[in-house]
file data22.cif (mmCIF, C-alpha atoms and all ligand atoms)
data_run
loop_
_atom_site.label_atom_id
_atom_site.label_comp_id
_atom_site.auth_asym_id
_atom_site.auth_seq_id
_atom_site.Cartn_x
_atom_site.Cartn_y
_atom_site.Cartn_z
CA MET A 1 0.00 0.00 0.00
CA HIS A 2 1.49 3.35 -1.01
CA ASP A 3 0.48 6.96 -0.46
CA ASP A 4 -1.04 8.57 -3.54
CA LYS A 5 -0.37 12.24 -4.28
CA GLU A 6 -3.08 13.30 -1.84
CA GLY A 7 -1.70 11.08 0.92
CA PHE A 8 -4.34 8.32 0.71
CA LEU A 9 -3.23 4.69 0.87
CA TYR A 10 -3.70 2.74 -2.37
CA PRO A 11 -2.56 -0.73 -3.49
CA VAL A 12 0.38 -0.74 -5.89
CA ILE A 13 1.50 -3.87 -7.77
CA ASP A 14 5.21 -4.64 -7.73
CA THR A 15 5.54 -5.93 -11.30
CA ALA A 16 8.99 -7.35 -10.53
CA VAL A 17 7.48 -10.04 -8.27
CA CYS A 18 3.90 -10.23 -9.63
CA ILE A 19 3.06 -13.71 -10.96
CA ASP A 20 0.06 -12.36 -12.87
CA CYS A 21 -2.50 -14.59 -11.14
CA GLY A 22 -5.09 -11.79 -11.21
CA LEU A 23 -6.26 -12.61 -7.67
CA CYS A 24 -5.89 -9.01 -6.45
CA GLU A 25 -8.29 -7.88 -9.17
CA LYS A 26 -10.73 -10.68 -8.34
CA VAL A 27 -10.93 -9.62 -4.69
CA CYS A 28 -10.89 -5.85 -5.23
CA PRO A 29 -14.13 -4.43 -3.75
CA VAL A 30 -13.94 -1.43 -6.09
CA LEU A 31 -13.73 -3.54 -9.26
CA ASN A 32 -16.25 -6.09 -7.92
CA GLN A 33 -19.09 -4.11 -6.41
CA ASN A 34 -21.75 -6.02 -4.52
CA ASN A 35 -25.39 -5.78 -5.51
CA VAL A 36 -27.33 -3.12 -3.62
CA ARG A 37 -29.24 -4.79 -0.78
CA LYS A 38 -32.10 -3.55 1.34
CA PRO A 39 -31.80 -3.84 5.15
CA LEU A 40 -33.79 -6.74 6.58
CA GLN A 41 -34.50 -4.87 9.82
CA VAL A 42 -33.59 -1.46 11.20
CA PHE A 43 -33.15 -0.77 14.93
CA ALA A 44 -32.11 2.37 16.76
CA ALA A 45 -30.20 1.90 20.00
CA LYS A 46 -27.97 3.72 22.42
CA ASN A 47 -25.79 2.58 25.28
CA ARG A 48 -27.46 3.28 28.64
CA ASN A 49 -24.10 3.70 30.36
CA GLU A 50 -23.49 7.45 30.21
CA ILE A 51 -19.75 7.17 30.91
CA GLN A 52 -19.26 4.72 28.06
CA ARG A 53 -21.34 6.97 25.82
CA LEU A 54 -19.17 9.96 26.71
CA HIS A 55 -16.10 7.94 25.73
CA SER A 56 -17.70 7.02 22.38
CA SER A 57 -18.38 9.17 19.32
CA SER A 58 -22.10 8.49 19.04
CA GLY A 59 -24.38 6.07 20.86
CA GLY A 60 -21.64 3.89 22.34
CA ILE A 61 -22.81 0.64 20.74
CA PHE A 62 -19.31 -0.41 19.68
CA ILE A 63 -18.10 -0.93 23.27
CA LEU A 64 -21.17 -3.03 24.14
CA LEU A 65 -20.62 -5.35 21.16
CA ALA A 66 -16.87 -5.47 21.82
CA GLU A 67 -17.23 -6.35 25.52
CA GLN A 68 -19.66 -9.11 24.70
CA ILE A 69 -17.32 -10.64 22.12
CA ILE A 70 -14.34 -10.55 24.50
CA GLN A 71 -16.38 -12.01 27.36
CA ASN A 72 -17.14 -14.91 25.00
CA GLY A 73 -13.41 -15.44 24.39
CA GLY A 74 -13.39 -13.58 21.07
CA VAL A 75 -11.18 -10.96 19.44
CA VAL A 76 -12.13 -7.38 18.50
CA PHE A 77 -10.59 -5.45 15.61
CA GLY A 78 -10.85 -1.66 15.34
CA ALA A 79 -8.85 1.51 14.72
CA ARG A 80 -6.46 3.17 17.16
CA PHE A 81 -3.70 5.79 17.06
CA ASP A 82 -0.18 4.37 16.80
CA LYS A 83 2.77 5.99 18.62
CA ASN A 84 3.13 8.58 15.85
CA TRP A 85 -0.57 9.50 16.00
CA GLU A 86 -1.27 7.76 12.72
CA VAL A 87 -4.38 5.58 12.57
CA GLU A 88 -4.08 1.82 12.22
CA HIS A 89 -6.26 -1.25 12.64
CA CYS A 90 -5.31 -3.67 15.39
CA TYR A 91 -7.00 -6.17 17.69
CA ALA A 92 -7.90 -6.47 21.36
CA GLU A 93 -8.35 -9.69 23.33
CA ARG A 94 -8.91 -8.09 26.74
CA ILE A 95 -11.51 -5.55 27.91
CA GLU A 96 -8.69 -3.18 29.08
CA GLU A 97 -7.36 -3.07 25.52
CA LEU A 98 -10.63 -1.75 24.10
CA GLN A 99 -10.39 1.90 25.08
CA PRO A 100 -7.88 2.95 22.35
CA LEU A 101 -10.24 1.45 19.78
CA MET A 102 -13.17 3.60 20.91
CA ARG A 103 -14.14 6.89 19.21
CA SER A 104 -13.97 7.96 15.59
CA LYS A 105 -10.61 8.96 14.16
CA TYR A 106 -11.30 10.96 11.04
CA VAL A 107 -8.32 9.63 9.09
CA GLN A 108 -8.00 6.62 6.74
CA SER A 109 -6.87 3.75 8.94
CA ARG A 110 -4.01 1.45 7.86
CA ILE A 111 -5.30 -2.12 7.59
CA ALA A 112 -1.77 -3.59 7.69
CA ASN A 113 -1.92 -7.36 8.36
CA THR A 114 -5.27 -7.40 10.11
CA TYR A 115 -7.17 -9.25 7.34
CA LYS A 116 -4.65 -12.11 7.61
CA GLU A 117 -4.90 -12.04 11.40
CA VAL A 118 -8.71 -12.22 11.18
CA GLU A 119 -8.48 -15.24 8.88
CA SER A 120 -6.07 -17.00 11.20
CA PHE A 121 -8.27 -16.40 14.29
CA LEU A 122 -11.38 -17.51 12.36
CA LYS A 123 -9.70 -20.75 11.30
CA HIS A 124 -8.84 -21.39 14.96
CA GLY A 125 -12.54 -21.04 15.81
CA ARG A 126 -12.30 -17.69 17.64
CA GLN A 127 -15.28 -15.34 17.49
CA ILE A 128 -14.34 -12.10 15.71
CA LEU A 129 -15.79 -8.59 15.70
CA PHE A 130 -14.29 -6.40 12.99
CA VAL A 131 -15.34 -2.72 12.86
CA GLY A 132 -14.38 -0.37 10.05
CA THR A 133 -15.56 1.73 7.15
CA SER A 134 -17.89 0.02 4.68
CA CYS A 135 -15.05 -0.27 2.10
CA GLN A 136 -12.79 -1.93 4.70
CA ILE A 137 -15.54 -4.40 5.55
CA ALA A 138 -16.16 -5.10 1.84
CA GLY A 139 -12.40 -5.62 1.43
CA LEU A 140 -12.30 -8.06 4.35
CA HIS A 141 -15.16 -10.16 2.98
CA LYS A 142 -13.57 -10.26 -0.46
CA PHE A 143 -10.21 -11.20 1.08
CA LEU A 144 -11.76 -14.08 3.07
CA ARG A 145 -13.68 -15.32 0.00
CA LYS A 146 -16.11 -17.30 2.15
CA ASP A 147 -18.58 -16.74 4.98
CA TYR A 148 -17.69 -17.63 8.57
CA ASP A 149 -20.34 -18.12 11.27
CA ASN A 150 -17.87 -16.82 13.88
CA LEU A 151 -17.33 -13.45 12.13
CA LEU A 152 -19.36 -10.34 12.96
CA THR A 153 -18.55 -7.28 10.84
CA VAL A 154 -19.83 -3.79 11.65
CA ASP A 155 -19.50 -0.81 9.34
CA PHE A 156 -20.51 2.62 10.54
CA ILE A 157 -22.15 5.47 8.69
CA CYS A 158 -19.23 7.06 6.84
CA HIS A 159 -19.12 9.69 4.12
CA GLY A 160 -15.39 9.13 3.50
CA VAL A 161 -12.03 9.24 5.23
CA PRO A 162 -9.69 12.23 5.32
CA SER A 163 -6.13 11.74 4.02
CA PRO A 164 -3.40 10.36 6.33
CA GLY A 165 -0.88 12.50 4.40
CA VAL A 166 -2.74 15.71 5.19
CA TRP A 167 -3.16 14.58 8.80
CA ARG A 168 0.61 13.92 9.09
CA LYS A 169 1.39 17.34 7.63
CA TYR A 170 -1.04 19.01 9.99
CA LEU A 171 0.48 17.28 13.01
CA GLU A 172 4.01 18.22 11.91
CA GLU A 173 2.95 21.83 11.57
CA ILE A 174 1.32 22.20 14.94
CA ILE A 175 3.60 19.93 16.95
CA SER A 176 6.75 21.56 15.62
CA ASP A 177 5.29 25.01 16.17
CA LYS A 178 6.92 25.97 19.46
CA SER A 179 5.11 29.26 19.66
CA SER A 180 3.53 30.12 22.95
CA ARG A 181 -0.09 29.52 23.88
CA SER A 182 -2.05 29.81 20.66
CA GLU A 183 -5.32 28.99 19.00
CA VAL A 184 -4.80 26.90 15.88
CA ALA A 185 -7.98 25.81 14.22
CA GLY A 186 -10.83 28.06 15.03
CA LYS A 187 -12.29 29.09 18.32
CA ASN A 188 -13.24 25.57 19.42
CA SER A 189 -9.87 23.86 18.89
CA VAL A 190 -7.29 24.59 21.50
CA LEU A 191 -3.57 24.01 21.26
CA LEU A 192 -1.93 24.21 24.65
CA SER A 193 1.80 24.75 24.57
CA THR A 194 4.51 25.86 26.95
CA LYS A 195 7.06 28.44 25.89
CA ASN A 196 10.50 27.14 24.75
CA ARG A 197 9.57 23.48 25.26
CA PRO A 198 9.23 20.94 22.41
CA LEU A 199 5.62 19.94 22.11
CA ARG A 200 4.36 16.40 22.46
CA ALA A 201 0.75 15.41 21.97
CA ILE A 202 -0.47 13.23 24.82
CA LYS A 203 -4.07 12.95 23.75
CA ILE A 204 -5.95 13.64 20.52
CA ARG A 205 -9.69 13.57 20.31
CA PHE A 206 -11.83 14.24 17.26
CA CYS A 207 -15.14 15.68 18.34
CA CYS A 208 -18.20 14.41 16.52
CA PRO A 209 -20.08 15.58 14.55
CA GLN A 210 -18.37 18.82 13.68
CA TYR A 211 -15.02 17.12 13.02
CA LEU A 212 -13.37 19.40 15.53
CA MET A 213 -10.22 18.16 17.12
CA ARG A 214 -8.98 18.84 20.61
CA MET A 215 -5.32 18.27 21.32
CA ILE A 216 -3.62 18.21 24.67
CA LEU A 217 0.09 18.89 24.27
C1 LIG B 301 -13.96 7.96 8.97
C2 LIG B 301 -15.32 8.19 9.60
C3 LIG B 301 -16.35 8.82 8.90
C4 LIG B 301 -17.61 9.04 9.49
N1 LIG B 301 -18.61 9.65 8.78
C5 LIG B 301 -19.83 9.81 9.35
C6 LIG B 301 -20.91 10.39 8.64
O1 LIG B 301 -20.77 10.75 7.48
N2 LIG B 301 -22.11 10.54 9.27
C7 LIG B 301 -22.30 10.14 10.57
O2 LIG B 301 -23.39 10.30 11.11
N3 LIG B 301 -21.29 9.59 11.26
C8 LIG B 301 -20.08 9.41 10.68
N4 LIG B 301 -19.05 8.83 11.39
C9 LIG B 301 -19.29 8.54 12.78
C10 LIG B 301 -19.61 7.08 12.99
O3 LIG B 301 -20.85 6.77 12.46
C11 LIG B 301 -19.51 6.91 14.48
O4 LIG B 301 -18.16 6.84 14.76
C12 LIG B 301 -20.08 5.66 15.01
O5 LIG B 301 -21.42 5.67 14.79
C13 LIG B 301 -19.68 5.64 16.48
O6 LIG B 301 -20.23 4.55 17.07
P1 LIG B 301 -20.18 4.27 18.61
O7 LIG B 301 -20.52 5.49 19.40
O8 LIG B 301 -20.99 3.04 18.80
O9 LIG B 301 -18.69 3.80 18.86
P2 LIG B 301 -17.27 4.44 19.02
O10 LIG B 301 -16.65 3.99 20.29
O11 LIG B 301 -17.20 5.85 18.71
O12 LIG B 301 -16.53 3.52 17.94
C14 LIG B 301 -16.08 3.88 16.75
C15 LIG B 301 -15.67 2.60 16.03
O13 LIG B 301 -15.13 2.98 14.78
C16 LIG B 301 -13.80 2.50 14.64
N5 LIG B 301 -13.05 3.54 13.96
C17 LIG B 301 -12.72 4.74 14.46
N6 LIG B 301 -12.05 5.45 13.54
C18 LIG B 301 -11.93 4.66 12.46
C19 LIG B 301 -11.32 4.83 11.19
N7 LIG B 301 -10.68 5.93 10.85
N8 LIG B 301 -11.40 3.82 10.30
C20 LIG B 301 -12.01 2.66 10.61
N9 LIG B 301 -12.62 2.44 11.81
C21 LIG B 301 -12.58 3.43 12.71
C22 LIG B 301 -13.31 2.26 16.04
O14 LIG B 301 -12.32 1.27 16.10
C23 LIG B 301 -14.59 1.81 16.74
O15 LIG B 301 -14.77 0.45 16.51
C24 LIG B 301 -17.81 8.60 10.81
C25 LIG B 301 -16.77 7.95 11.51
C26 LIG B 301 -15.53 7.74 10.92
C27 LIG B 301 -14.43 7.02 11.70
#
call {"tool": "encode", "arguments": {"input": "data22.cif", "output": "structure tokens"}}
result
Amino acid sequence: MHDDKEGFLYPVIDTAVCIDCGLCEKVCPVLNQNNVRKPLQVFAAKNRNEIQRLHSSSGGIFILLAEQIIQNGGVVFGARFDKNWEVEHCYAERIEELQPLMRSKYVQSRIANTYKEVESFLKHGRQILFVGTSCQIAGLHKFLRKDYDNLLTVDFICHGVPSPGVWRKYLEEIISDKSSRSEVAGKNSVLLSTKNRPLRAIKIRFCCPQYLMRMIL
């Protein structure tokens, strides 16, 4: 996967090692669109636990599903920030590992090896919850090429992901800006900084639904 000129991740074929089997094209969810389906049932729900809801981006349903899966011995896949504040998919096997996966990160998440990890867990009979954008879920199903009873996939309402390249550039700009206390992105986004001290983000939170971001540095 390589960055395109706008900083989005796209698959690139290394023609030096490609054996021309065509499998990547067969499983590409963009080239092989599914038929449009109508929902069988529609439910509205929200988590009754106010603290969990406050730590979620919307109704806090993700954490309820995730806890249930882990209590049943399963594995939960979702998106978290890595140590460089880039967004990546990873998995949790313990309730304590779920918190970094909570909340929306409005950046395209790196799938890395998670599809392979899902397949391996599924083949070992583990119950899996995989949460992601609808294109990531379509990609996972195409990658697996068969249905598994022990796989639950959840895609959220998503109008698209912002570019990781733009996100990286933005972070570089504000984190390397050692200027004193300043306001960076409108009156609701606050950048706290101390004079003459290199800045380090310790927490980043995108605030739904206005896509505002609060950083604590
Ligand atoms: C990229 C993106 C676009 C969105 N666009 C819309 C929209 O157009 N309209 C709207 O109403 N809502 C949008 N949302 C909000 C989304 O619908 C809510 O995040 C979701 O409903 C929150 O559910 P929750 O409160 O149950 O769980 P939360 O705890 O908030 O869980 C969020 C779940 O999403 C996963 N996730 C977070 N960031 C990413 C990411 N970058 N890529 C893949 N998975 C991720 C987490 O791992 C977690 O499983 C968007 C969210 C994202 C991440």
call {"tool": "closest_residue", "arguments": {"input": "data22.cif", "among": "A:Thr15, A:Ser109, A:Gln52, A:Asn32", "to": "A:Phe143", "atoms": "only C-alpha atoms"}}
result
A:Asn32
call {"tool": "residues_near_ligand", "arguments": {"input": "data22.cif", "ligand": "ligand LIG 301 (chain B)", "cutoff": "9 Å", "atoms": "all atoms listed in the file", "output": "count of residues only"}}
result
57
call {"tool": "closest_residue", "arguments": {"input": "data22.cif", "among": "A:Phe43, A:Tyr148, A:Phe8, A:Tyr170", "to": "A:Leu122", "atoms": "only C-alpha atoms"}}
result
A:Tyr148
call {"tool": "residues_around", "arguments": {"input": "data22.cif", "residues": "A:Val27", "least_positions_apart": "3", "cutoff": "12 Å", "atoms": "only C-alpha atoms", "output": "compact mmCIF listing (two decimals) with C-alpha atoms, keeping the file's coordinate frame"}}
result
# COMPACT_ATOMS: atom_id res chain seq x y z
CA CYS A 21 -2.50 -14.59 -11.14
CA GLY A 22 -5.09 -11.79 -11.21
CA LEU A 23 -6.26 -12.61 -7.67
CA CYS A 24 -5.89 -9.01 -6.45
CA VAL A 30 -13.94 -1.43 -6.09
CA LEU A 31 -13.73 -3.54 -9.26
CA ASN A 32 -16.25 -6.09 -7.92
CA GLN A 33 -19.09 -4.11 -6.41
CA ASN A 34 -21.75 -6.02 -4.52
CA ALA A 138 -16.16 -5.10 1.84
CA GLY A 139 -12.40 -5.62 1.43
CA LEU A 140 -12.30 -8.06 4.35
CA HIS A 141 -15.16 -10.16 2.98
CA LYS A 142 -13.57 -10.26 -0.46
CA PHE A 143 -10.21 -11.20 1.08
CA LEU A 144 -11.76 -14.08 3.07
CA ARG A 145 -13.68 -15.32 0.00
CA LYS A 146 -16.11 -17.30 2.15
call {"tool": "atom_distance", "arguments": {"input": "data22.cif", "atom1": "atom CA of A:Leu152", "atom2": "atom CA of A:Gln68"}}
result
11.8 Å
call {"tool": "atom_distance", "arguments": {"input": "data22.cif", "atom1": "atom CA of A:Arg126", "atom2": "atom CA of A:Val42"}}
result
27.5 Å
call {"tool": "build_atoms", "arguments": {"input": "data22.cif", "residues": "stretch 113-147 of chain A", "atoms": "N, CA and C atoms", "output": "mmCIF file, keeping the file's coordinate frame"}}
result
data_model
loop_
_atom_site.group_PDB
_atom_site.id
_atom_site.type_symbol
_atom_site.label_atom_id
_atom_site.label_comp_id
_atom_site.auth_asym_id
_atom_site.auth_seq_id
_atom_site.Cartn_x
_atom_site.Cartn_y
_atom_site.Cartn_z
ATOM 1 N N ASN A 113 -1.729 -5.912 8.524
ATOM 2 C CA ASN A 113 -1.920 -7.360 8.360
ATOM 3 C C ASN A 113 -3.214 -7.870 8.970
ATOM 4 N N THR A 114 -4.127 -6.956 9.295
ATOM 5 C CA THR A 114 -5.270 -7.400 10.110
ATOM 6 C C THR A 114 -6.177 -8.391 9.372
ATOM 7 N N TYR A 115 -6.304 -8.278 8.045
ATOM 8 C CA TYR A 115 -7.170 -9.250 7.340
ATOM 9 C C TYR A 115 -6.604 -10.674 7.525
ATOM 10 N N LYS A 116 -5.278 -10.783 7.433
ATOM 11 C CA LYS A 116 -4.650 -12.110 7.610
ATOM 12 C C LYS A 116 -4.844 -12.596 9.043
ATOM 13 N N GLU A 117 -4.727 -11.657 9.994
ATOM 14 C CA GLU A 117 -4.900 -12.040 11.400
ATOM 15 C C GLU A 117 -6.330 -12.512 11.643
ATOM 16 N N VAL A 118 -7.298 -11.800 11.032
ATOM 17 C CA VAL A 118 -8.710 -12.220 11.180
ATOM 18 C C VAL A 118 -8.863 -13.646 10.665
ATOM 19 N N GLU A 119 -8.331 -13.905 9.489
ATOM 20 C CA GLU A 119 -8.480 -15.240 8.880
ATOM 21 C C GLU A 119 -7.884 -16.317 9.787
ATOM 22 N N SER A 120 -6.721 -16.007 10.346
ATOM 23 C CA SER A 120 -6.070 -17.000 11.200
ATOM 24 C C SER A 120 -6.920 -17.273 12.455
ATOM 25 N N PHE A 121 -7.420 -16.203 13.103
ATOM 26 C CA PHE A 121 -8.270 -16.400 14.290
ATOM 27 C C PHE A 121 -9.542 -17.184 13.915
ATOM 28 N N LEU A 122 -10.138 -16.839 12.766
ATOM 29 C CA LEU A 122 -11.380 -17.510 12.360
ATOM 30 C C LEU A 122 -11.136 -19.010 12.171
ATOM 31 N N LYS A 123 -10.000 -19.326 11.558
ATOM 32 C CA LYS A 123 -9.700 -20.750 11.300
ATOM 33 C C LYS A 123 -9.428 -21.503 12.603
ATOM 34 N N HIS A 124 -9.031 -20.743 13.655
ATOM 35 C CA HIS A 124 -8.840 -21.390 14.960
ATOM 36 C C HIS A 124 -10.133 -21.380 15.778
ATOM 37 N N GLY A 125 -11.227 -20.969 15.154
ATOM 38 C CA GLY A 125 -12.540 -21.040 15.810
ATOM 39 C C GLY A 125 -12.851 -19.884 16.740
ATOM 40 N N ARG A 126 -12.017 -18.818 16.752
ATOM 41 C CA ARG A 126 -12.300 -17.690 17.640
ATOM 42 C C ARG A 126 -13.428 -16.842 17.051
ATOM 43 N N GLN A 127 -14.225 -16.259 17.936
ATOM 44 C CA GLN A 127 -15.280 -15.340 17.490
ATOM 45 C C GLN A 127 -14.639 -13.984 17.217
ATOM 46 N N ILE A 128 -14.979 -13.364 16.097
ATOM 47 C CA ILE A 128 -14.340 -12.100 15.710
ATOM 48 C C ILE A 128 -15.379 -11.007 15.511
ATOM 49 N N LEU A 129 -15.051 -9.806 16.058
ATOM 50 C CA LEU A 129 -15.790 -8.590 15.700
ATOM 51 C C LEU A 129 -14.805 -7.695 14.960
ATOM 52 N N PHE A 130 -15.154 -7.301 13.750
ATOM 53 C CA PHE A 130 -14.290 -6.400 12.990
ATOM 54 C C PHE A 130 -15.104 -5.154 12.665
ATOM 55 N N VAL A 131 -14.625 -3.981 13.126
ATOM 56 C CA VAL A 131 -15.340 -2.720 12.860
ATOM 57 C C VAL A 131 -14.479 -1.857 11.945
ATOM 58 N N GLY A 132 -15.116 -1.257 10.951
ATOM 59 C CA GLY A 132 -14.380 -0.370 10.050
ATOM 60 C C GLY A 132 -15.318 0.328 9.106
ATOM 61 N N THR A 133 -14.738 1.051 8.168
ATOM 62 C CA THR A 133 -15.560 1.730 7.150
ATOM 63 C C THR A 133 -16.176 0.653 6.252
ATOM 64 N N SER A 134 -17.214 1.029 5.516
ATOM 65 C CA SER A 134 -17.890 0.020 4.680
ATOM 66 C C SER A 134 -16.930 -0.545 3.633
ATOM 67 N N CYS A 135 -15.994 0.275 3.110
ATOM 68 C CA CYS A 135 -15.050 -0.270 2.100
ATOM 69 C C CYS A 135 -14.066 -1.230 2.760
ATOM 70 N N GLN A 136 -13.689 -0.978 4.019
ATOM 71 C CA GLN A 136 -12.790 -1.930 4.700
ATOM 72 C C GLN A 136 -13.498 -3.254 4.950
ATOM 73 N N ILE A 137 -14.776 -3.162 5.293
ATOM 74 C CA ILE A 137 -15.540 -4.400 5.550
ATOM 75 C C ILE A 137 -15.731 -5.170 4.236
ATOM 76 N N ALA A 138 -16.021 -4.442 3.148
ATOM 77 C CA ALA A 138 -16.160 -5.100 1.840
ATOM 78 C C ALA A 138 -14.842 -5.769 1.478
ATOM 79 N N GLY A 139 -13.720 -5.066 1.723
ATOM 80 C CA GLY A 139 -12.400 -5.620 1.430
ATOM 81 C C GLY A 139 -12.133 -6.888 2.229
ATOM 82 N N LEU A 140 -12.522 -6.878 3.507
ATOM 83 C CA LEU A 140 -12.300 -8.060 4.350
ATOM 84 C C LEU A 140 -13.084 -9.264 3.810
ATOM 85 N N HIS A 141 -14.361 -9.032 3.495
ATOM 86 C CA HIS A 141 -15.160 -10.160 2.980
ATOM 87 C C HIS A 141 -14.596 -10.699 1.674
ATOM 88 N N LYS A 142 -14.151 -9.802 0.813
ATOM 89 C CA LYS A 142 -13.570 -10.260 -0.460
ATOM 90 C C LYS A 142 -12.276 -11.032 -0.203
ATOM 91 N N PHE A 143 -11.473 -10.543 0.758
ATOM 92 C CA PHE A 143 -10.210 -11.200 1.080
ATOM 93 C C PHE A 143 -10.470 -12.624 1.599
ATOM 94 N N LEU A 144 -11.486 -12.767 2.463
ATOM 95 C CA LEU A 144 -11.760 -14.080 3.070
ATOM 96 C C LEU A 144 -12.346 -15.068 2.056
ATOM 97 N N ARG A 145 -13.089 -14.537 1.095
ATOM 98 C CA ARG A 145 -13.680 -15.320 0.000
ATOM 99 C C ARG A 145 -14.661 -16.407 0.464
ATOM 100 N N LYS A 146 -15.007 -16.424 1.734
ATOM 101 C CA LYS A 146 -16.110 -17.300 2.150
ATOM 102 C C LYS A 146 -16.707 -16.769 3.443
ATOM 103 N N ASP A 147 -17.917 -17.201 3.762
ATOM 104 C CA ASP A 147 -18.580 -16.740 4.980
ATOM 105 C C ASP A 147 -18.131 -17.580 6.176
#
